[in-house]
file final-v1.txt (compact mmCIF, C-alpha atoms)
# COMPACT_ATOMS: atom_id res chain seq x y z
CA MET I 1 0.00 0.00 0.00
CA LYS I 2 2.84 2.36 0.87
CA GLY I 3 4.54 1.78 -2.48
CA LYS I 4 1.28 2.50 -4.31
CA ARG I 5 0.84 5.79 -2.44
CA GLU I 6 4.44 6.75 -3.12
CA PHE I 7 3.90 6.32 -6.85
CA SER I 8 0.63 8.25 -6.61
CA THR I 9 2.57 11.16 -5.12
CA VAL I 10 5.21 10.90 -7.86
CA ARG I 11 2.46 10.79 -10.47
CA GLU I 12 0.89 13.98 -9.10
CA ASP I 13 4.27 15.74 -8.98
CA TYR I 14 5.11 14.84 -12.58
CA LEU I 15 1.72 15.90 -13.90
CA ARG I 16 1.92 19.26 -12.12
CA ALA I 17 5.48 19.80 -13.37
CA VAL I 18 4.55 19.08 -16.99
CA TYR I 19 1.51 21.35 -16.70
CA SER I 20 3.65 24.20 -15.36
CA CYS I 21 6.13 23.79 -18.22
CA GLU I 22 3.34 23.78 -20.81
CA GLU I 23 2.10 27.09 -19.36
CA TRP I 24 5.42 28.68 -20.35
CA ASP I 25 6.21 26.65 -23.47
CA ASP I 26 3.41 25.17 -25.56
CA ASP I 27 5.87 22.60 -26.97
CA GLY I 28 5.99 20.68 -23.69
CA VAL I 29 9.10 19.64 -21.77
CA GLY I 30 12.06 17.41 -22.56
CA VAL I 31 12.80 14.37 -20.39
CA THR I 32 16.20 15.77 -19.38
CA GLU I 33 14.66 19.08 -18.28
CA LEU I 34 11.92 17.20 -16.46
CA ALA I 35 14.56 15.15 -14.64
CA GLN I 36 16.21 18.38 -13.48
CA LEU I 37 12.89 19.74 -12.25
CA MET I 38 12.17 16.53 -10.35
CA ASP I 39 15.77 16.29 -9.07
CA VAL I 40 16.29 12.78 -10.41
CA VAL I 41 18.57 11.20 -13.02
CA PRO I 42 17.19 11.14 -16.62
CA SER I 43 16.70 7.36 -16.54
CA THR I 44 14.35 7.68 -13.54
CA ALA I 45 12.40 10.48 -15.21
CA SER I 46 12.18 8.43 -18.41
CA GLU I 47 10.81 5.41 -16.51
CA ASN I 48 8.19 7.49 -14.70
CA VAL I 49 7.18 9.17 -17.95
CA ARG I 50 6.75 5.71 -19.49
CA LYS I 51 4.48 4.63 -16.62
CA LEU I 52 2.37 7.76 -16.95
CA ARG I 53 2.23 7.38 -20.71
CA ASP I 54 1.03 3.79 -20.30
CA ALA I 55 -1.61 5.08 -17.86
CA GLY I 56 -2.88 7.47 -20.52
CA LEU I 57 -1.80 10.62 -18.68
CA LEU I 58 1.23 11.70 -20.72
CA ASP I 59 1.99 11.74 -24.43
CA HIS I 60 5.62 11.00 -25.27
CA ARG I 61 7.40 9.64 -28.32
CA PRO I 62 11.14 8.99 -28.70
CA TYR I 63 13.19 12.19 -29.12
CA GLN I 64 10.10 14.37 -28.64
CA LYS I 65 8.91 16.44 -25.71
CA VAL I 66 6.53 15.25 -23.03
CA ARG I 67 2.95 16.57 -23.16
CA LEU I 68 -0.17 16.04 -21.08
CA THR I 69 -3.05 14.07 -22.50
CA PRO I 70 -6.57 15.51 -21.90
CA ARG I 71 -7.00 13.16 -18.92
CA GLY I 72 -3.55 14.03 -17.63
CA ARG I 73 -4.35 17.74 -17.92
CA GLN I 74 -7.52 17.29 -15.89
CA GLU I 75 -5.59 15.59 -13.08
CA ALA I 76 -2.79 18.15 -13.29
CA ILE I 77 -5.20 21.06 -12.94
CA GLU I 78 -6.50 19.59 -9.67
CA MET I 79 -2.95 19.48 -8.27
CA VAL I 80 -2.08 22.92 -9.59
CA ARG I 81 -5.19 24.33 -7.89
CA ARG I 82 -4.18 22.74 -4.58
CA HIS I 83 -0.59 23.93 -4.82
CA ARG I 84 -1.36 27.53 -5.70
CA ILE I 85 -4.13 27.95 -3.13
CA LEU I 86 -1.74 26.63 -0.46
CA GLU I 87 1.02 28.99 -1.63
CA THR I 88 -1.39 31.92 -1.41
CA PHE I 89 -2.42 30.96 2.12
CA LEU I 90 1.16 30.45 3.29
CA HIS I 91 2.24 33.83 1.90
CA ARG I 92 -0.79 35.89 2.88
CA PHE I 93 -1.51 34.55 6.36
CA LEU I 94 1.65 32.86 7.60
CA GLY I 95 4.22 35.23 6.14
CA PHE I 96 6.27 32.70 4.19
CA SER I 97 8.57 34.41 1.70
CA TRP I 98 8.51 33.84 -2.07
CA ASP I 99 11.41 31.41 -2.05
CA GLU I 100 9.88 29.26 0.72
CA LEU I 101 6.41 28.82 -0.77
CA HIS I 102 6.97 26.03 -3.28
CA ASP I 103 8.51 23.49 -0.92
CA GLU I 104 6.06 24.20 1.91
CA ALA I 105 3.04 23.92 -0.39
CA HIS I 106 4.46 20.73 -1.88
CA ASN I 107 4.72 19.18 1.58
CA LEU I 108 1.03 19.88 2.20
CA GLU I 109 -0.67 19.38 -1.14
CA HIS I 110 -0.73 15.58 -1.05
CA ALA I 111 -2.06 15.42 2.51
CA VAL I 112 -5.07 17.75 2.58
CA SER I 113 -8.55 16.90 1.32
CA ASP I 114 -10.49 18.51 -1.53
CA ARG I 115 -12.92 19.81 1.07
CA PHE I 116 -10.08 21.53 2.93
CA ILE I 117 -8.86 23.18 -0.28
CA ASP I 118 -12.38 24.40 -1.12
CA ARG I 119 -12.76 25.86 2.38
CA LEU I 120 -9.35 27.50 2.14
CA ASP I 121 -10.23 28.95 -1.26
CA GLU I 122 -13.38 30.46 0.24
CA ALA I 123 -11.48 31.86 3.24
CA LEU I 124 -9.02 33.51 0.85
CA GLU I 125 -12.00 35.02 -1.06
CA PHE I 126 -11.35 32.97 -4.20
CA PRO I 127 -7.99 34.39 -5.39
CA ARG I 128 -7.40 34.23 -9.14
CA PHE I 129 -3.60 34.34 -8.90
CA ASP I 130 -0.99 33.07 -6.46
CA PRO I 131 1.87 35.24 -5.08
CA HIS I 132 4.00 34.58 -8.18
CA GLY I 133 1.17 35.67 -10.47
CA ASP I 134 0.36 32.11 -11.57
CA PRO I 135 -3.37 31.69 -12.33
CA ILE I 136 -5.31 29.51 -9.88
CA PRO I 137 -7.82 27.15 -11.51
CA ASP I 138 -11.30 27.60 -10.07
CA HIS I 139 -13.52 24.85 -8.65
CA GLU I 140 -14.59 23.90 -12.19
CA GLY I 141 -11.01 23.78 -13.49
CA GLU I 142 -11.28 27.04 -15.45
CA VAL I 143 -8.07 29.05 -15.64
CA ALA I 144 -7.73 32.81 -16.16
CA ARG I 145 -5.97 33.69 -19.39
CA CYS I 146 -3.67 36.62 -20.04
CA SER I 147 -2.24 37.95 -23.30
CA CYS I 148 1.30 38.26 -22.02
CA TYR I 149 4.81 38.60 -23.39
CA THR I 150 7.94 37.20 -21.82
CA LEU I 151 10.46 39.94 -21.17
CA PRO I 152 12.70 39.00 -24.16
CA THR I 153 9.70 39.41 -26.53
CA ALA I 154 8.03 42.46 -24.93
CA PRO I 155 7.67 45.65 -27.00
CA MET I 156 10.43 48.15 -26.31
CA GLY I 157 9.67 51.66 -25.13
CA GLU I 158 6.23 50.80 -23.70
CA THR I 159 5.25 50.73 -20.05
CA MET I 160 4.61 47.11 -19.13
CA LYS I 161 3.14 45.54 -16.01
CA ILE I 162 4.65 42.37 -14.55
CA MET I 163 2.00 39.65 -14.39
CA ARG I 164 3.91 36.46 -13.57
CA ILE I 165 7.26 35.33 -12.24
CA ARG I 166 8.16 31.74 -13.00
CA ASP I 167 8.13 29.69 -9.83
CA GLY I 168 11.59 28.17 -9.88
CA LYS I 169 14.75 27.96 -7.84
CA PRO I 170 14.68 29.83 -4.51
CA GLU I 171 17.82 31.81 -5.36
CA VAL I 172 16.23 33.02 -8.60
CA LEU I 173 13.07 34.10 -6.79
CA ARG I 174 15.16 35.99 -4.23
CA TYR I 175 17.04 37.67 -7.09
CA PHE I 176 13.77 38.82 -8.66
CA GLU I 177 12.29 40.03 -5.38
CA ASN I 178 15.44 41.96 -4.41
CA ARG I 179 15.21 43.86 -7.70
CA ASN I 180 11.45 44.48 -7.43
CA PHE I 181 10.61 42.12 -10.29
CA VAL I 182 7.27 41.25 -8.69
CA PRO I 183 3.70 41.04 -10.02
CA GLY I 184 2.21 44.51 -10.33
CA ALA I 185 5.53 46.32 -10.81
CA LEU I 186 5.91 48.54 -13.88
CA LEU I 187 8.88 48.58 -16.22
CA THR I 188 9.96 49.68 -19.68
CA VAL I 189 12.26 47.64 -21.91
CA LEU I 190 14.97 50.01 -23.15
CA GLU I 191 17.45 47.74 -24.91
CA ARG I 192 18.00 44.12 -25.89
CA SER I 193 21.34 42.76 -27.01
CA ASP I 194 21.68 39.42 -28.79
CA VAL I 195 25.44 39.78 -28.46
CA THR I 196 25.61 40.12 -24.67
CA GLY I 197 22.32 38.38 -23.96
CA GLN I 198 21.28 41.29 -21.74
CA ILE I 199 17.95 43.12 -21.46
CA THR I 200 18.01 46.66 -20.03
CA VAL I 201 14.83 47.85 -18.36
CA GLN I 202 13.78 51.02 -16.60
CA MET I 203 12.02 50.58 -13.25
CA GLY I 204 11.23 53.91 -11.64
CA ASP I 205 14.49 55.87 -11.55
CA GLU I 206 16.65 52.77 -11.92
CA ARG I 207 18.05 51.05 -15.00
CA ILE I 208 18.52 47.32 -14.49
CA ASP I 209 20.24 44.73 -16.67
CA ILE I 210 18.86 41.20 -16.66
CA SER I 211 19.87 38.16 -18.69
CA GLN I 212 17.54 36.93 -21.41
CA ASP I 213 17.42 33.52 -19.71
CA LEU I 214 16.10 35.04 -16.49
CA GLY I 215 13.88 37.45 -18.45
CA ALA I 216 12.17 34.46 -20.06
CA GLY I 217 10.76 33.71 -16.59
CA ILE I 218 8.96 37.06 -16.38
CA LYS I 219 5.62 37.65 -18.11
CA VAL I 220 4.39 41.20 -18.74
CA THR I 221 1.43 42.90 -20.36
CA PRO I 222 0.90 46.51 -21.48
CA ALA I 223 0.09 48.66 -18.44
CA PRO I 224 -3.39 50.19 -18.54
CA THR I 225 -3.42 53.87 -19.41
CA LYS I 226 -4.92 56.25 -16.90
call {"tool": "encode", "arguments": {"input": "final-v1.txt", "output": "structure tokens"}}
result
Amino acid sequence: MKGKREFSTVREDYLRAVYSCEEWDDDGVGVTELAQLMDVVPSTASENVRKLRDAGLLDHRPYQKVRLTPRGRQEAIEMVRRHRILETFLHRFLGFSWDELHDEAHNLEHAVSDRFIDRLDEALEFPRFDPHGDPIPDHEGEVARCSCYTLPTAPMGETMKIMRIRDGKPEVLRYFENRNFVPGALLTVLERSDVTGQITVQMGDERIDISQDLGAGIKVTPAPTK
């Protein structure tokens, strides 16, 4: 029974990870990248992907990226909803910082009931986004959509509003927070260099350089005009 539950937890983690990757890249996620996200060797990731493919939850062919099937997406959305509601609660009421949220929510998400999550959602007044700006699926599995650019593709010279910060490594989240790259902040892309791989943005009175790799983890949308 314990082994079955352990694989159930692994299954939920993989489905949520693939879903999160598909949110940022419609092409899916490679097995090697998935192994890095799950902190396992590629052979372990490949074996778990095979099991989930055989269960009808993942679509994967040799040398191609991993994608969710419709049934896999439905299960993934349930886990994503749990995770992001828990992150919102931990941040808003218990004061956990950005870089602590993911691991704490992960420790809880497999243990609490659907009823608990629904009650927590109600107590939080049905938030649409978590602290990183990630959309929270509602009770019916509907997800808010946003016409967003990543920072490397955002129009230059326009005032943009940060909508999402990719929930990744704690040190990266601390880097973003220390430089005020947080949802709701305004910025203007001034320069982009393919040679140096740097993006220069204006935030208030400060000019900040950020790498294109890190900028790909920031989603922005044109700021509303007053």
call {"tool": "axis_aligned_box", "arguments": {"input": "final-v1.txt", "around": "segment 7-22 of chain I", "padding_each_side": "6 Å", "output": "lines of an AutoDock Vina configuration file"}}
result
center_x = 3.4
center_y = 15.3
center_z = -13.0
size_x = 17.5
size_y = 29.9
size_z = 27.7
call {"tool": "atom_distance", "arguments": {"input": "final-v1.txt", "atom1": "atom CA of Tyr175 of chain I", "atom2": "atom CA of Glu23 of chain I"}}
result
22.0 Å
call {"tool": "atom_distance", "arguments": {"input": "final-v1.txt", "atom1": "atom CA of His60 of chain I", "atom2": "atom CA of His106 of chain I"}}
result
25.4 Å
call {"tool": "closest_residue", "arguments": {"input": "final-v1.txt", "among": "I:Arg207, I:Arg53, I:Lys65, I:His132", "to": "Arg174 of chain I", "atoms": "only C-alpha atoms"}}
result
I:His132
call {"tool": "closest_residue", "arguments": {"input": "final-v1.txt", "among": "I:Leu187, I:Leu68, I:Val40, I:Ala35", "to": "Thr221 of chain I", "atoms": "all atoms listed in the file"}}
result
I:Leu187
call {"tool": "closest_residue", "arguments": {"input": "final-v1.txt", "among": "I:Pro137, I:Gly30, I:Gly217, I:Pro170", "to": "Asp99 of chain I", "atoms": "only C-alpha atoms"}}
result
I:Pro170
call {"tool": "residues_near_point", "arguments": {"input": "final-v1.txt", "point": "(12.8, 31.6, -7.7)", "cutoff": "12 Å", "atoms": "all atoms listed in the file", "output": "count of residues only"}}
result
29
call {"tool": "residues_around", "arguments": {"input": "final-v1.txt", "residues": "Tyr19 of chain I", "least_positions_apart": "3", "cutoff": "9 Å", "atoms": "only C-alpha atoms", "output": "compact mmCIF listing (two decimals) with C-alpha atoms, keeping the file's coordinate frame"}}
result
# COMPACT_ATOMS: atom_id res chain seq x y z
CA TYR I 14 5.11 14.84 -12.58
CA LEU I 15 1.72 15.90 -13.90
CA ARG I 16 1.92 19.26 -12.12
CA GLU I 22 3.34 23.78 -20.81
CA GLU I 23 2.10 27.09 -19.36
CA GLY I 28 5.99 20.68 -23.69
CA ARG I 67 2.95 16.57 -23.16
CA LEU I 68 -0.17 16.04 -21.08
CA GLY I 72 -3.55 14.03 -17.63
CA ARG I 73 -4.35 17.74 -17.92
CA ALA I 76 -2.79 18.15 -13.29
CA ILE I 77 -5.20 21.06 -12.94
CA VAL I 80 -2.08 22.92 -9.59
call {"tool": "closest_residue", "arguments": {"input": "final-v1.txt", "among": "I:Leu151, I:Ala223, I:Leu124, I:Leu52", "to": "Leu186 of chain I", "atoms": "all atoms listed in the file"}}
result
I:Ala223
call {"tool": "residues_around", "arguments": {"input": "final-v1.txt", "residues": "segment 140-147 of chain I", "least_positions_apart": "2", "cutoff": "10 Å", "atoms": "only C-alpha atoms", "output": "ChimeraX atom specification"}}
result
/I:74-78,80-81,128-129,134-138,149,163-164,219-222
call {"tool": "atom_distance", "arguments": {"input": "final-v1.txt", "atom1": "atom CA of Glu33 of chain I", "atom2": "atom CA of Ala105 of chain I"}}
result
21.9 Å
call {"tool": "residues_around", "arguments": {"input": "final-v1.txt", "residues": "Arg50 of chain I", "least_positions_apart": "5", "cutoff": "12 Å", "atoms": "all atoms listed in the file", "output": "PyMOL selection string"}}
result
chain I and resi 11+14+31+43-45+55-62+66
call {"tool": "residues_around", "arguments": {"input": "final-v1.txt", "residues": "Glu206 of chain I", "least_positions_apart": "6", "cutoff": "12 Å", "atoms": "all atoms listed in the file", "output": "list in words"}}
result
Arg179, Asn180, Leu186, Leu187, Thr188, Leu190 and Thr200 of chain I
